[in-house]
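> Pasting query24.txt below, which is compact mmCIF, C-alpha atoms and all ligand atoms.
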```txt
# COMPACT_ATOMS: atom_id res chain seq x y z
CA MET A 1 5.71 2.39 8.11
CA ASN A 2 8.53 4.87 7.56
CA GLU A 3 8.26 7.86 5.22
CA CYS A 4 9.87 6.00 2.32
CA LYS A 5 7.55 3.03 2.63
CA LEU A 6 4.55 5.35 2.81
CA ASP A 7 5.61 7.07 -0.41
CA ASP A 8 6.13 3.70 -2.07
CA TYR A 9 2.76 2.48 -0.90
CA ILE A 10 1.02 5.54 -2.28
CA GLU A 11 2.81 5.24 -5.62
CA THR A 12 2.04 1.53 -5.96
CA GLN A 13 -1.61 1.99 -5.09
CA VAL A 14 -2.03 5.00 -7.37
CA CYS A 15 -0.74 2.88 -10.28
CA ALA A 16 -2.90 -0.10 -9.30
CA ILE A 17 -6.05 2.02 -9.00
CA ARG A 18 -5.41 3.61 -12.41
CA GLU A 19 -4.84 0.24 -13.97
CA THR A 20 -7.96 -1.36 -12.45
CA ALA A 21 -10.29 1.55 -13.16
CA GLY A 22 -8.84 2.05 -16.63
CA GLY A 23 -10.58 5.36 -17.28
CA GLN A 24 -13.93 4.25 -15.84
CA CYS A 25 -15.86 5.72 -12.92
CA VAL A 26 -15.60 4.67 -9.28
CA LEU A 27 -18.12 5.14 -6.46
CA LEU A 28 -17.19 5.32 -2.77
CA ALA A 29 -19.57 5.42 0.20
CA LEU A 30 -17.79 7.93 2.40
CA SER A 31 -18.70 7.82 6.10
CA GLY A 32 -16.04 10.25 7.26
CA GLY A 33 -14.39 7.52 9.32
CA VAL A 34 -10.64 7.00 9.02
CA ASP A 35 -10.76 4.17 6.48
CA SER A 36 -13.21 5.59 3.96
CA SER A 37 -11.64 9.06 4.27
CA VAL A 38 -8.14 7.78 3.52
CA CYS A 39 -9.54 5.68 0.68
CA ALA A 40 -11.16 8.82 -0.77
CA ALA A 41 -7.91 10.78 -0.50
CA LEU A 42 -6.01 8.03 -2.27
CA LEU A 43 -8.59 7.77 -5.05
CA SER A 44 -8.49 11.51 -5.46
CA ARG A 45 -4.71 11.32 -5.90
CA ALA A 46 -5.00 8.51 -8.46
CA ILE A 47 -8.08 9.24 -10.55
CA PRO A 48 -9.53 12.62 -9.52
CA ASP A 49 -11.90 12.95 -12.48
CA GLN A 50 -13.38 9.48 -12.14
CA VAL A 51 -14.30 9.39 -8.43
CA THR A 52 -17.67 10.10 -6.84
CA CYS A 53 -17.89 10.07 -3.04
CA LEU A 54 -21.36 9.63 -1.62
CA PHE A 55 -21.63 10.92 1.94
CA ILE A 56 -24.98 9.81 3.32
CA ASP A 57 -25.68 12.07 6.27
CA HIS A 58 -28.01 10.01 8.49
CA GLY A 59 -28.12 12.79 11.06
CA PHE A 60 -26.40 10.81 13.81
CA MET A 61 -23.00 12.46 13.52
CA ARG A 62 -21.34 14.41 16.33
CA LEU A 63 -21.47 18.20 16.61
CA HIS A 64 -20.31 19.88 13.35
CA GLU A 65 -18.97 16.56 12.02
CA GLY A 66 -20.99 16.42 8.81
CA ASP A 67 -19.92 19.95 7.90
CA GLU A 68 -16.28 19.14 8.68
CA ILE A 69 -16.37 16.14 6.34
CA GLU A 70 -17.97 18.23 3.63
CA GLY A 71 -15.41 21.01 4.24
CA VAL A 72 -12.50 18.62 3.76
CA PHE A 73 -13.72 16.65 0.77
CA SER A 74 -15.28 19.48 -1.17
CA GLN A 75 -11.67 20.80 -1.36
CA HIS A 76 -10.43 17.51 -2.83
CA LYS A 77 -10.22 16.75 -6.50
CA LEU A 78 -13.19 14.40 -6.73
CA ARG A 79 -16.96 14.63 -6.98
CA PHE A 80 -18.34 14.92 -3.44
CA LEU A 81 -22.07 14.46 -2.89
CA ARG A 82 -23.72 14.91 0.51
CA VAL A 83 -27.14 13.36 0.87
CA ASP A 84 -29.22 14.86 3.65
CA ALA A 85 -31.22 11.86 4.84
CA GLN A 86 -31.71 12.93 8.46
CA ALA A 87 -35.49 13.24 8.35
CA ARG A 88 -35.79 9.88 6.63
CA PHE A 89 -33.75 8.03 9.24
CA LEU A 90 -35.52 9.73 12.14
CA GLY A 91 -38.87 8.86 10.61
CA LYS A 92 -37.91 5.18 10.42
CA LEU A 93 -36.83 5.18 14.08
CA ARG A 94 -40.01 6.78 15.41
CA GLY A 95 -41.29 4.72 18.34
CA VAL A 96 -38.42 2.20 18.14
CA THR A 97 -36.66 1.52 21.43
CA ASP A 98 -34.95 -1.86 21.06
CA PRO A 99 -31.19 -1.48 20.42
CA GLU A 100 -30.93 -4.30 17.88
CA ALA A 101 -34.02 -3.10 16.04
CA LYS A 102 -32.54 0.40 15.86
CA ARG A 103 -29.27 -0.91 14.40
CA LYS A 104 -31.12 -3.08 11.89
CA ILE A 105 -33.42 -0.29 10.72
CA ILE A 106 -30.51 2.11 10.27
CA GLY A 107 -28.52 -0.51 8.34
CA GLU A 108 -31.42 -1.26 6.01
CA GLU A 109 -32.28 2.37 5.45
CA PHE A 110 -28.64 3.12 4.69
CA ILE A 111 -28.66 0.53 1.91
CA ARG A 112 -31.94 1.88 0.53
CA VAL A 113 -30.62 5.46 0.40
CA PHE A 114 -27.34 4.28 -1.13
CA GLU A 115 -29.17 2.31 -3.83
CA GLU A 116 -31.43 5.23 -4.71
CA GLU A 117 -28.58 7.72 -4.87
CA ALA A 118 -26.31 5.38 -6.82
CA ALA A 119 -29.10 4.78 -9.34
CA LYS A 120 -29.31 8.54 -9.94
CA LEU A 121 -25.63 8.58 -10.89
CA GLY A 122 -26.06 6.24 -13.83
CA ASP A 123 -23.64 3.52 -14.71
CA ILE A 124 -20.64 3.41 -12.37
CA PRO A 125 -18.71 0.17 -12.90
CA PHE A 126 -16.46 0.23 -9.83
CA LEU A 127 -17.16 0.33 -6.11
CA ALA A 128 -14.32 1.42 -3.84
CA GLN A 129 -14.25 0.39 -0.18
CA GLY A 130 -11.98 1.33 2.71
CA THR A 131 -11.59 -2.31 3.79
CA ILE A 132 -8.49 -2.77 5.95
CA TYR A 133 -6.55 -5.90 6.85
CA PRO A 134 -8.25 -6.58 10.24
CA ASP A 135 -11.67 -6.44 8.48
CA ILE A 136 -10.58 -9.29 6.24
CA VAL A 137 -9.17 -11.30 9.12
CA GLU A 138 -12.31 -10.76 11.21
CA SER A 139 -14.73 -11.78 8.48
CA GLY A 140 -12.69 -14.91 7.82
CA ASN A 141 -14.23 -16.78 10.73
CA ALA A 142 -17.66 -17.25 12.23
CA GLN A 143 -17.03 -15.00 15.18
CA GLY A 144 -15.69 -12.33 12.91
CA ASN A 145 -18.89 -12.36 10.91
CA LEU A 146 -20.84 -11.92 14.09
CA VAL A 147 -18.73 -8.97 15.13
CA LYS A 148 -19.09 -7.39 11.71
CA SER A 149 -22.83 -7.85 11.49
CA HIS A 150 -23.10 -6.21 14.89
CA HIS A 151 -20.83 -3.36 13.95
CA ASN A 152 -21.45 -2.49 10.35
CA VAL A 153 -24.15 -0.13 9.27
CA GLY A 154 -24.78 -2.24 6.22
CA GLY A 155 -22.92 -4.26 3.69
CA MET A 156 -23.16 -3.12 0.14
CA PRO A 157 -26.44 -4.08 -1.48
CA ASP A 158 -26.50 -7.11 -3.81
CA SER A 159 -28.87 -5.35 -6.17
CA LEU A 160 -26.06 -3.01 -7.19
CA SER A 161 -23.96 -4.85 -9.65
CA PHE A 162 -20.50 -3.44 -9.88
CA THR A 163 -17.98 -4.80 -12.36
CA GLY A 164 -15.26 -4.66 -9.77
CA VAL A 165 -14.31 -3.59 -6.29
CA ILE A 166 -11.30 -1.43 -5.45
CA GLU A 167 -9.87 -1.84 -1.95
CA PRO A 168 -6.55 0.01 -1.79
CA LEU A 169 -6.11 -0.30 2.00
CA ALA A 170 -6.71 -4.04 2.26
CA SER A 171 -3.18 -4.88 3.42
CA LEU A 172 -2.91 -2.18 6.10
CA TYR A 173 -3.49 -2.02 9.82
CA LYS A 174 -5.41 0.89 11.32
CA GLU A 175 -2.34 2.78 12.47
CA GLU A 176 -0.81 2.54 9.00
CA VAL A 177 -4.05 3.86 7.50
CA ARG A 178 -3.85 6.85 9.84
CA GLN A 179 -0.22 7.48 8.78
CA LEU A 180 -1.19 7.24 5.14
CA GLY A 181 -4.00 9.73 5.68
CA ARG A 182 -1.58 12.23 7.25
CA LYS A 183 0.81 11.75 4.38
CA LEU A 184 -2.02 12.43 1.94
CA GLY A 185 -2.74 15.70 3.74
CA LEU A 186 -5.93 14.82 5.61
CA PRO A 187 -6.47 16.82 8.81
CA GLU A 188 -5.89 15.28 12.26
CA SER A 189 -9.64 15.56 12.95
CA LEU A 190 -10.11 12.77 10.39
CA THR A 191 -6.90 10.72 10.68
CA GLY A 192 -6.91 10.73 14.48
CA ARG A 193 -10.61 10.04 14.75
CA GLN A 194 -11.83 7.80 17.58
CA PRO A 195 -13.80 4.67 16.73
CA PHE A 196 -17.39 5.65 16.08
CA PRO A 197 -20.28 3.23 15.57
CA GLY A 198 -21.85 3.12 12.12
CA PRO A 199 -25.31 3.96 13.52
CA GLY A 200 -23.63 6.89 15.29
CA LEU A 201 -25.37 8.78 18.05
CA ALA A 202 -28.55 6.78 17.47
CA VAL A 203 -27.05 4.05 19.69
CA ARG A 204 -25.88 6.61 22.24
CA VAL A 205 -29.38 7.99 22.75
CA MET A 206 -30.98 5.31 24.87
CA GLY A 207 -34.41 4.23 23.72
CA GLU A 208 -36.36 6.21 21.15
CA VAL A 209 -34.28 8.64 19.12
CA THR A 210 -35.65 12.12 18.51
CA GLY A 211 -34.15 15.26 17.04
CA GLU A 212 -34.39 17.00 20.41
CA LYS A 213 -32.53 14.20 22.23
CA LEU A 214 -29.84 14.14 19.54
CA ASP A 215 -29.30 17.88 19.98
CA VAL A 216 -28.92 17.49 23.75
CA LEU A 217 -26.48 14.60 23.32
CA ARG A 218 -24.44 16.45 20.69
CA GLN A 219 -23.87 19.35 23.06
CA ALA A 220 -23.04 17.12 26.05
CA ASP A 221 -20.72 14.95 23.96
CA TYR A 222 -18.93 18.01 22.61
CA ILE A 223 -18.27 19.31 26.13
CA ALA A 224 -17.06 15.91 27.40
CA ARG A 225 -14.68 15.46 24.46
CA ASP A 226 -13.47 19.04 24.71
CA GLU A 227 -12.47 18.58 28.36
CA ILE A 228 -11.00 15.08 28.05
CA SER A 229 -9.00 15.92 24.92
CA GLN A 230 -7.07 18.50 26.94
CA LEU A 231 -5.52 15.83 29.17
CA GLU A 232 -1.89 14.95 28.58
CA GLU A 233 -2.79 11.32 28.14
CA THR A 234 -6.13 10.70 26.54
CA PRO A 235 -8.09 7.44 26.77
CA GLN A 236 -8.58 5.47 23.55
CA GLN A 237 -12.28 6.35 23.37
CA TYR A 238 -14.46 8.84 25.23
CA PHE A 239 -17.93 10.17 24.66
CA ALA A 240 -21.30 10.98 26.22
CA ILE A 241 -24.51 8.98 26.30
CA LEU A 242 -28.02 10.35 26.76
CA THR A 243 -29.77 7.94 29.11
CA ASP A 244 -33.52 7.44 29.03
CA THR A 245 -33.71 8.31 32.71
CA ARG A 246 -34.81 11.67 34.03
CA SER A 247 -33.86 12.90 37.43
CA VAL A 248 -34.92 15.59 39.84
CA GLY A 249 -32.64 18.57 40.29
CA VAL A 250 -32.67 22.22 41.22
CA LYS A 251 -31.53 25.07 39.01
CA ASP A 252 -31.85 28.76 39.89
CA GLY A 253 -33.91 27.80 42.93
CA LEU A 254 -36.44 25.90 40.85
CA ARG A 255 -37.13 22.19 40.82
CA THR A 256 -36.19 20.48 37.56
CA TYR A 257 -36.85 17.03 36.15
CA ASP A 258 -34.39 16.56 33.32
CA TYR A 259 -32.12 14.15 31.48
CA VAL A 260 -29.29 12.15 32.99
CA VAL A 261 -26.15 12.18 30.83
CA ALA A 262 -23.52 9.45 31.22
CA ILE A 263 -19.84 9.79 30.33
CA ARG A 264 -17.89 6.80 29.05
CA ALA A 265 -14.08 6.86 28.72
CA VAL A 266 -12.08 3.68 28.22
CA THR A 267 -8.49 2.55 27.95
CA THR A 268 -7.85 -0.47 25.78
CA THR A 269 -5.46 -1.96 23.27
CA ASP A 270 -7.95 -3.79 21.07
CA PHE A 271 -11.48 -2.80 22.16
CA MET A 272 -12.27 -6.48 22.81
CA THR A 273 -11.71 -5.78 26.49
CA CYS A 274 -11.31 -2.42 28.18
CA GLU A 275 -10.99 -0.68 31.49
CA TYR A 276 -12.74 2.52 32.46
CA ALA A 277 -10.33 5.43 32.30
CA GLN A 278 -9.27 6.82 35.65
CA LEU A 279 -9.91 10.42 34.67
CA PRO A 280 -8.79 13.17 37.04
CA HIS A 281 -11.63 14.25 39.31
CA GLN A 282 -11.07 17.86 38.26
CA THR A 283 -11.86 16.90 34.68
CA LEU A 284 -14.97 14.98 35.67
CA ARG A 285 -16.07 17.91 37.77
CA ARG A 286 -15.61 20.41 34.95
CA ILE A 287 -17.51 18.16 32.55
CA SER A 288 -20.39 17.84 34.98
CA GLN A 289 -20.49 21.56 35.75
CA ARG A 290 -20.32 22.62 32.14
CA ILE A 291 -22.93 20.14 30.95
CA THR A 292 -25.46 21.05 33.63
CA ARG A 293 -24.81 24.79 33.24
CA GLU A 294 -24.66 24.96 29.47
CA ILE A 295 -27.48 22.55 28.65
CA ASP A 296 -30.89 23.34 30.11
CA ALA A 297 -32.33 19.88 29.55
CA VAL A 298 -29.73 18.05 31.68
CA SER A 299 -29.94 17.85 35.46
CA ARG A 300 -27.38 15.16 36.29
CA VAL A 301 -24.11 13.68 34.98
CA VAL A 302 -22.79 10.23 35.91
CA TYR A 303 -19.54 8.45 35.06
CA ASP A 304 -19.54 4.85 33.81
CA ILE A 305 -17.02 2.80 35.83
CA THR A 306 -17.70 -0.59 34.27
CA GLU A 307 -15.14 -2.69 32.49
CA LYS A 308 -15.59 -4.76 29.36
CA PRO A 309 -16.58 -7.49 29.95
CA PRO A 310 -19.22 -7.43 31.26
CA SER A 311 -20.18 -4.08 29.74
CA THR A 312 -19.63 -3.23 26.11
CA VAL A 313 -18.04 0.09 25.19
CA GLU A 314 -21.26 1.37 23.65
CA TRP A 315 -24.43 1.37 25.73
CA GLU A 316 -26.62 -0.07 22.97
P1 LIG A 401 -18.58 -2.60 21.86
O1 LIG A 401 -19.72 -1.66 22.20
O2 LIG A 401 -19.03 -3.77 21.04
O3 LIG A 401 -17.63 -1.76 20.93
O4 LIG A 401 -17.79 -2.99 23.07
C1 LIG A 401 -16.30 -2.10 20.61
C2 LIG A 401 -15.79 -1.03 19.68
O5 LIG A 401 -16.52 -1.05 18.45
C3 LIG A 401 -17.17 0.19 18.24
N1 LIG A 401 -18.49 -0.05 17.66
C4 LIG A 401 -18.75 0.03 16.35
N2 LIG A 401 -17.93 0.30 15.30
N3 LIG A 401 -19.80 0.10 13.84
C5 LIG A 401 -18.47 0.32 14.04
O6 LIG A 401 -17.75 0.54 13.07
C6 LIG A 401 -20.68 -0.18 14.85
O7 LIG A 401 -21.87 -0.39 14.65
C7 LIG A 401 -20.10 -0.24 16.18
N4 LIG A 401 -20.64 -0.50 17.40
C8 LIG A 401 -19.61 -0.40 18.30
C9 LIG A 401 -17.26 0.84 19.61
O8 LIG A 401 -17.39 2.25 19.52
C10 LIG A 401 -15.97 0.38 20.22
O9 LIG A 401 -14.89 1.15 19.78
```
How does this structure look as structure tokens?
Ligand code: XMP


Amino acid sequence: MNECKLDDYIETQVCAIRETAGGQCVLLALSGGVDSSVCAALLSRAIPDQVTCLFIDHGFMRLHEGDEIEGVFSQHKLRFLRVDAQARFLGKLRGVTDPEAKRKIIGEEFIRVFEEEAAKLGDIPFLAQGTIYPDIVESGNAQGNLVKSHHNVGGMPDSLSFTGVIEPLASLYKEEVRQLGRKLGLPESLTGRQPFPGPGLAVRVMGEVTGEKLDVLRQADYIARDEISQLEETPQQYFAILTDTRSVGVKDGLRTYDYVVAIRAVTTTDFMTCEYAQLPHQTLRRISQRITREIDAVSRVVYDITEKPPSTVEWE
């Protein structure tokens, strides 16, 4: 979309949102992903005094991410509420190791928290969602439904009866949503965000999720992204995984038995298939050195060289 079309789009949607809401309140579940963030910015432009954004912090965000989201949206003209539900989600995942079970539990708990928090807000007639065009296309066929049920943290609960739904991005592709976000003044950290699974780092910690493992992964992931983001050409997605394997090592002359961290970096056009990124060895080396030096609990770093198929992008 060129500048003119972007301006037109914003103007048209601002009018449409005002007309639909008609002075009534609107609730948005804000994840901090590109779509819900741009939706929030647009709502803030259209009906600043009628919007409440509920950011449910499940504790599986990347390093500093929750605070960044709060930093951005607490500056916007809207009501921003952050719900700290980390302990609750971790409690539900105690002892759970199966990947599908983890996803299901997180999805269900998300709905429960959303219902409880929405109930506290009283009567809000409208629900806003950052649905984009590919979401509609994908859910229009059986395979799409399968993909969505695998990917989404949770649909919106039936028990919440909204008078109407507002979906101002429903005719846009992802790249257009990013452009719109930039135009609306959102920072690059949000508009340029990589795809990130709804259940977040919980599906990048293999096996049982604990606070300690999440902390280790957050640090390793931060280092990996920091190094890879400095490349001239960056892969479409790159991150770290905390495996459930421990390995023998030696640090400062002492034998260690610590975590193995894996690095995943992929090039792709559509995420349906992908190749592993052929990262420069210098970069891989720096990542490995930094992770093992800066994080006590890690003794080994490996690089995932599998393509999709057969491997998925995420490890769980
Ligand atoms: P897979 O692992 O299925 O991932 O090859 C393909 C792309 O989808 C992302 N992904 C998710 N996105 N919610 C999302 O919104 C999810 O639960 C989810 N799981 C995977 C993954 O990061 C990759 O970009």

> Select, from A:Gln179, A:Ser31, A:Ser74, A:Gln278, the residue with the minimum atom-to-atom distance to ligand LIG 401 (chain A), counting all atoms listed in the file.

A:Ser31

> Report the centre and edge lengths, in Å to one decimal, of an axis-aligned box enclosing every atom of ligand LIG 401 (chain A) listed in the file, padded by 3 Å on each side, as JSON.


```
{"center_x": -18.4, "center_y": -0.8, "center_z": 18.1, "size_x": 13.0, "size_y": 12.0, "size_z": 16.0}
```

> Which is closest to ligand LIG 401 (chain A) among A:Trp315, A:Tyr259, A:Phe80, A:Phe89, if we use only C-alpha atoms and all ligand atoms?

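The answer is A:Trp315, which sits nearest to ligand LIG 401 (chain A).
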
> Could you work out how far CA of Ile105 in chain A lies from CA of Ile132 in chain A, giving the answer in Å with one decimal?

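Interatomic distance, CA of Ile132 in chain A to CA of Ile105 in chain A: 25.5 Å.
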
> Tell me which protein, DNA and RNA residues are within 12 Å of Glu176 in chain A, counting all atoms listed in the file, leaving out same-chain ones fewer than 2 positions away, and put them as a VMD selection string.

chain A and resid 1 to 3 5 to 6 9 to 10 34 to 35 38 132 to 134 169 to 174 178 to 183 191 to 192

> When you count all atoms listed in the file, which of these residues is closest to Gly207 in chain A: A:Thr245, A:Gln13, A:Thr20, A:Thr267?

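Looking only at the distances to Gly207 in chain A, the closest residue turns out to be A:Thr245.
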
> Can you pull out the residues contacting range 218-232 of chain A? Cut-off 8 Å, using only C-alpha atoms, and skip same-chain residues under 3 positions away; I want them as number ranges by chain.

A: 62-63, 214-215, 238-241, 261, 263, 283, 286-287, 290-291, 295

> Which is closer to ligand LIG 401 (chain A) than all the others in A:Gly185, A:Gly253, A:Pro280, A:Pro235, using only C-alpha atoms and all ligand atoms?

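Closest residue, counting only C-alpha atoms and all ligand atoms: A:Pro235.
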
> Let me make sure I understand: among A:Gln236, A:Ser44, A:Thr131, A:Ser311, which one has the smallest atom-to-atom distance to Thr269 in chain A if we use only C-alpha atoms?

A:Gln236

> CA of Gly66 in chain A to CA of Ser36 in chain A: how many Å, to one decimal?

14.2 Å

> Please, what distance in Å, to one decimal, runs between CA of Ser288 in chain A and CA of Gly200 in chain A?

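Taking CA of Ser288 in chain A and CA of Gly200 in chain A, their separation equals 22.8 Å.
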
> Do you know which residues are at most 6 Å from Val205 in chain A counting only C-alpha atoms, after dropping those on the same chain fewer than 2 positions away, and could you put them as a list in words?

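Near neighbours after the sequence-gap exclusion: Ala202, Val203 and Leu242 of chain A.
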
> Selected residues, C-alpha atoms, written as a short mmCIF file (atom, residue, chain, number, x, y, z; two decimals), in the coordinates of the input, please.


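Generated output (result-v6.cif):
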```cif
data_model
loop_
_atom_site.label_atom_id
_atom_site.label_comp_id
_atom_site.auth_asym_id
_atom_site.auth_seq_id
_atom_site.Cartn_x
_atom_site.Cartn_y
_atom_site.Cartn_z
CA ALA A 202 -28.55 6.78 17.47
CA VAL A 203 -27.05 4.05 19.69
CA LEU A 242 -28.02 10.35 26.76
#
```

> Given all atoms listed in the file as the basis, pick out the residue of A:Lys104, A:Arg255, A:Lys213, A:Arg300 nearest to ligand LIG 401 (chain A).

A:Lys104

> At most 7 Å from (-16.6, 4.8, 30.1), file frame, all atoms listed in the file: which residues, as a ChimeraX atom specification?

/A:238,263-266,276-277,303-306,313

> Using the atoms already present, construct N, CA, C and O atoms for range 53-68 of chain A and hand them back as a CSV table (one decimal), in the frame of the given file.


```
chain,number,residue,atom,x,y,z
A,53,CYS,N,-17.8,10.5,-4.4
A,53,CYS,CA,-17.9,10.1,-3.0
A,53,CYS,C,-19.3,10.4,-2.6
A,53,CYS,O,-19.7,11.6,-2.7
A,54,LEU,N,-20.0,9.4,-2.1
A,54,LEU,CA,-21.4,9.6,-1.6
A,54,LEU,C,-21.3,9.7,-0.1
A,54,LEU,O,-21.0,8.6,0.5
A,55,PHE,N,-21.6,10.8,0.5
A,55,PHE,CA,-21.6,10.9,1.9
A,55,PHE,C,-23.1,11.0,2.4
A,55,PHE,O,-23.8,12.0,2.2
A,56,ILE,N,-23.6,9.9,2.9
A,56,ILE,CA,-25.0,9.8,3.3
A,56,ILE,C,-25.1,10.3,4.8
A,56,ILE,O,-24.6,9.6,5.7
A,57,ASP,N,-25.6,11.5,4.9
A,57,ASP,CA,-25.7,12.1,6.3
A,57,ASP,C,-27.0,11.6,6.9
A,57,ASP,O,-28.1,12.1,6.7
A,58,HIS,N,-26.8,10.6,7.8
A,58,HIS,CA,-28.0,10.0,8.5
A,58,HIS,C,-28.5,10.9,9.7
A,58,HIS,O,-29.5,10.6,10.3
A,59,GLY,N,-27.7,11.9,10.0
A,59,GLY,CA,-28.1,12.8,11.1
A,59,GLY,C,-27.7,12.4,12.4
A,59,GLY,O,-28.1,12.9,13.4
A,60,PHE,N,-26.8,11.3,12.5
A,60,PHE,CA,-26.4,10.8,13.8
A,60,PHE,C,-24.9,11.1,14.0
A,60,PHE,O,-24.2,10.4,14.8
A,61,MET,N,-24.4,12.1,13.4
A,61,MET,CA,-23.0,12.5,13.5
A,61,MET,C,-22.9,13.4,14.7
A,61,MET,O,-23.8,13.9,15.3
A,62,ARG,N,-21.6,13.5,15.2
A,62,ARG,CA,-21.3,14.4,16.3
A,62,ARG,C,-21.4,15.9,15.9
A,62,ARG,O,-21.5,16.2,14.7
A,63,LEU,N,-21.3,16.8,16.9
A,63,LEU,CA,-21.5,18.2,16.6
A,63,LEU,C,-20.5,18.7,15.5
A,63,LEU,O,-19.3,18.4,15.6
A,64,HIS,N,-21.0,19.3,14.5
A,64,HIS,CA,-20.3,19.9,13.4
A,64,HIS,C,-19.6,18.9,12.4
A,64,HIS,O,-18.9,19.2,11.5
A,65,GLU,N,-19.8,17.6,12.7
A,65,GLU,CA,-19.0,16.6,12.0
A,65,GLU,C,-19.3,16.5,10.5
A,65,GLU,O,-18.4,16.4,9.7
A,66,GLY,N,-20.6,16.5,10.2
A,66,GLY,CA,-21.0,16.4,8.8
A,66,GLY,C,-20.4,17.6,8.0
A,66,GLY,O,-19.9,17.4,6.9
A,67,ASP,N,-20.5,18.8,8.6
A,67,ASP,CA,-19.9,20.0,7.9
A,67,ASP,C,-18.4,19.9,7.7
A,67,ASP,O,-17.8,20.3,6.7
A,68,GLU,N,-17.7,19.3,8.8
A,68,GLU,CA,-16.3,19.1,8.7
A,68,GLU,C,-15.9,18.2,7.5
A,68,GLU,O,-15.0,18.5,6.7
```
